[in-house]
Structure formats: structure tokens, C-alpha cells
Amino acid sequence: MKMRWSTEVLRVCVVCLSLCVSAISAFSQSLDSDFTFTLPAGRKECFFQSMKKDASLEIEYQVLDGASLDVDFNLHSPSGHIVASDYRKSDGVHTVETEEGDYMFCFDNTFSAVSEKVIFFELILDNMGDGEESEDWKAYVQGADLLDMKLEDIMDTINSVKSRLGKSLQIQTLLRAFEARDRNLQESNYDRVNMWSCTNLVVMVIVSCIQVYLLRSLFDDKRKVRT
């Protein structure tokens with residue numbers, strides 16, 4: 001009885017270890033990163049990302065601050081071909097199936113001679129693993145096939161949870177970017193309203209002073225009084 005109990009405990013430990021390995025391998029297959037930078041007026045900035053064959057590259061960008069909230073965007077393949085491009089847009093999303101090599105994506109603000117732009121972009125890289133790591137967990141389950149659970153189903157559930165968590169993080173990042181852009185726009189409008197209000201106030205005071213001076217000059221008796 002004691003020997004049988006020890007065997008069951010060993011099998012459960014093996015299954016737990018296999019689940020941990022599968023979860024780590026599942027979460028390591030997708031890579032997300034985001035970056036915010038300032039693009040000066042009349043400048044063009046390019047970034048590079050190394051990709052593997054048959055992987056997936058998704059790029060999403062937004063112009064958070066700057067006049068007109070627009071920028072030019074180009075995505076180049078390792079062979080030099082343009083696979084995606086936008087002309088003077090405030091945001092965009094592009095997804096491509098990649099080949100082996102370095103992908104280049106550029107943000108172009110050369111059409112603006114005065115205004116700099118604050119740009120946020122996010123990279124989502126899928127299927128960047130070797131493909132064999134996700135199958136290594138099966139080597140840990142030898143001898144545990146008598147259990148009444150299907151590890152393949154558990155693996156599918158973990159992958160589903162991973163995908164939904166990644167999507168939630170992506171949505172939260174985009175909402176923060178939208179909030180930053182709206183806040184910058186509101187602050188810019190607030191400064192403009194204050195500036196024009198002060199300008200109108202100064203003009204009104206000057207006009208009022210001129211009107212008072214002109215009215216007084218009309219009633220002034222400039223005739224000389226002889227005594």
C-alpha cells in the first residue's frame with residue numbers, strides 16, 4: 001500500500017513538472033515590446049528587427065503629439081522590398097509573415113519643417129521559438145500515461161490562456177497610448193485657448209483705452225479763455 005502511494009505521488013510530481021515546462025515553453029514563443037520616441041522635424045528614423053522564417057511580425061504605431069498628428073511609415077523586408085507603407089497617418093497596424101533576416105521599419109517626418117512628433121510603436125513577434133521546445137514536455141511524462149488526464153488538452157488550455165493574456169496586455173498598452181495622445185491634444189488646446197484669451201483681453205483693454213481717449217478729446221474745450 002505504501003509502495004503504491006509513493007508511485008502515485010511520483011506520477012503527480014512528474015505531471016506537475018511537465019506542465020511547468022510546457023507553460024514556460026508556451027509563453028516564450030511570443031515576444032512583445034513597445035517604445036516611445038521623439039522624431040524631430042525634417043528627420044527620418046529607422047529601426048531593425050531580426051526575424052526567423054515563417055514567423056509573424058505585427059507592428060502598431062500611433063502619433064501621440066505634434067502638429068496634425070501624422071507621419072509617414074515604411075516597412076522593408078530583408079531583401080529591400082517595401083511590404084507595408086502609410087502616408088501621413090496618425091496610426092496604423094501591419095502584420096506580415098516573415099522570412100529569415102533583418103526587417104527595417106522607418107518613420108519619416110521630413111515633410112514637416114517645424115513640428116516634431118512623439119511616436120509610440122509596439123512589436124508583437126509570434127512563432128519565434130524553434131518548434132521543438134514545445135514538444136520537449138512529452139519526454140517528462142513517460143510512465144504517467146495511466147493517469148486519467150489528457151496532457152494535450154491541458155497544453156491547449158495553457159496556450160489559450162497565454163493568447164488571451166497577451167491580447168489583454170496589448171489592449172492595455174494601446175489604451176495607454178490613446179490616453180497619452182488625447183491628453184497631449186487637450187493640453188495643446190488648453191494652451192491655445194489661454195493664449196488667444198489673453199490676446200483678446202489685451203486687445204479689448206487697448207481698444208477701451210483708445211475709445212475713452214477719443215471721447216474725452218471730443219468734449220475738451222480747446223478754445224483759449226481771455227481774462
# chains A, B, ... in the order shown; residues from 1 in each chain; ligands from 1
>>> select_by_dssp(residues="stretch 28-221 of chain A", states="strand (DSSP E)", output="MDAnalysis selection string")
chainID A and resid 31:39 44:51 56:65 71:76 82:89 91:97 101:108 117:126
>>> residues_around(residues="A:Phe37", least_positions_apart="2", cutoff="8 Å", atoms="only C-alpha atoms", output="list of chain:residue names")
A:Phe35, A:Leu39, A:Val118, A:Ile119, A:Phe120
>>> atom_distance(atom1="atom CA of A:Glu179", atom2="atom CA of A:Tyr103")
29.3 Å
>>> closest_residue(among="A:Leu123, A:Met104, A:Val114, A:Cys209", to="A:Thr173", atoms="only C-alpha atoms")
A:Leu123
>>> atom_distance(atom1="atom CA of A:Phe47", atom2="atom CA of A:Ser188")
28.9 Å
>>> atom_distance(atom1="atom CA of A:Lys162", atom2="atom CA of A:Asn127")
13.3 Å
>>> select_by_dssp(residues="stretch 30-206 of chain A", states="alpha helix (DSSP H)", output="PyMOL selection string")
chain A and resi 151-206
>>> closest_residue(among="A:Glu45, A:Asp34, A:Leu64, A:Leu75", to="A:Arg183", atoms="only C-alpha atoms")
A:Leu64
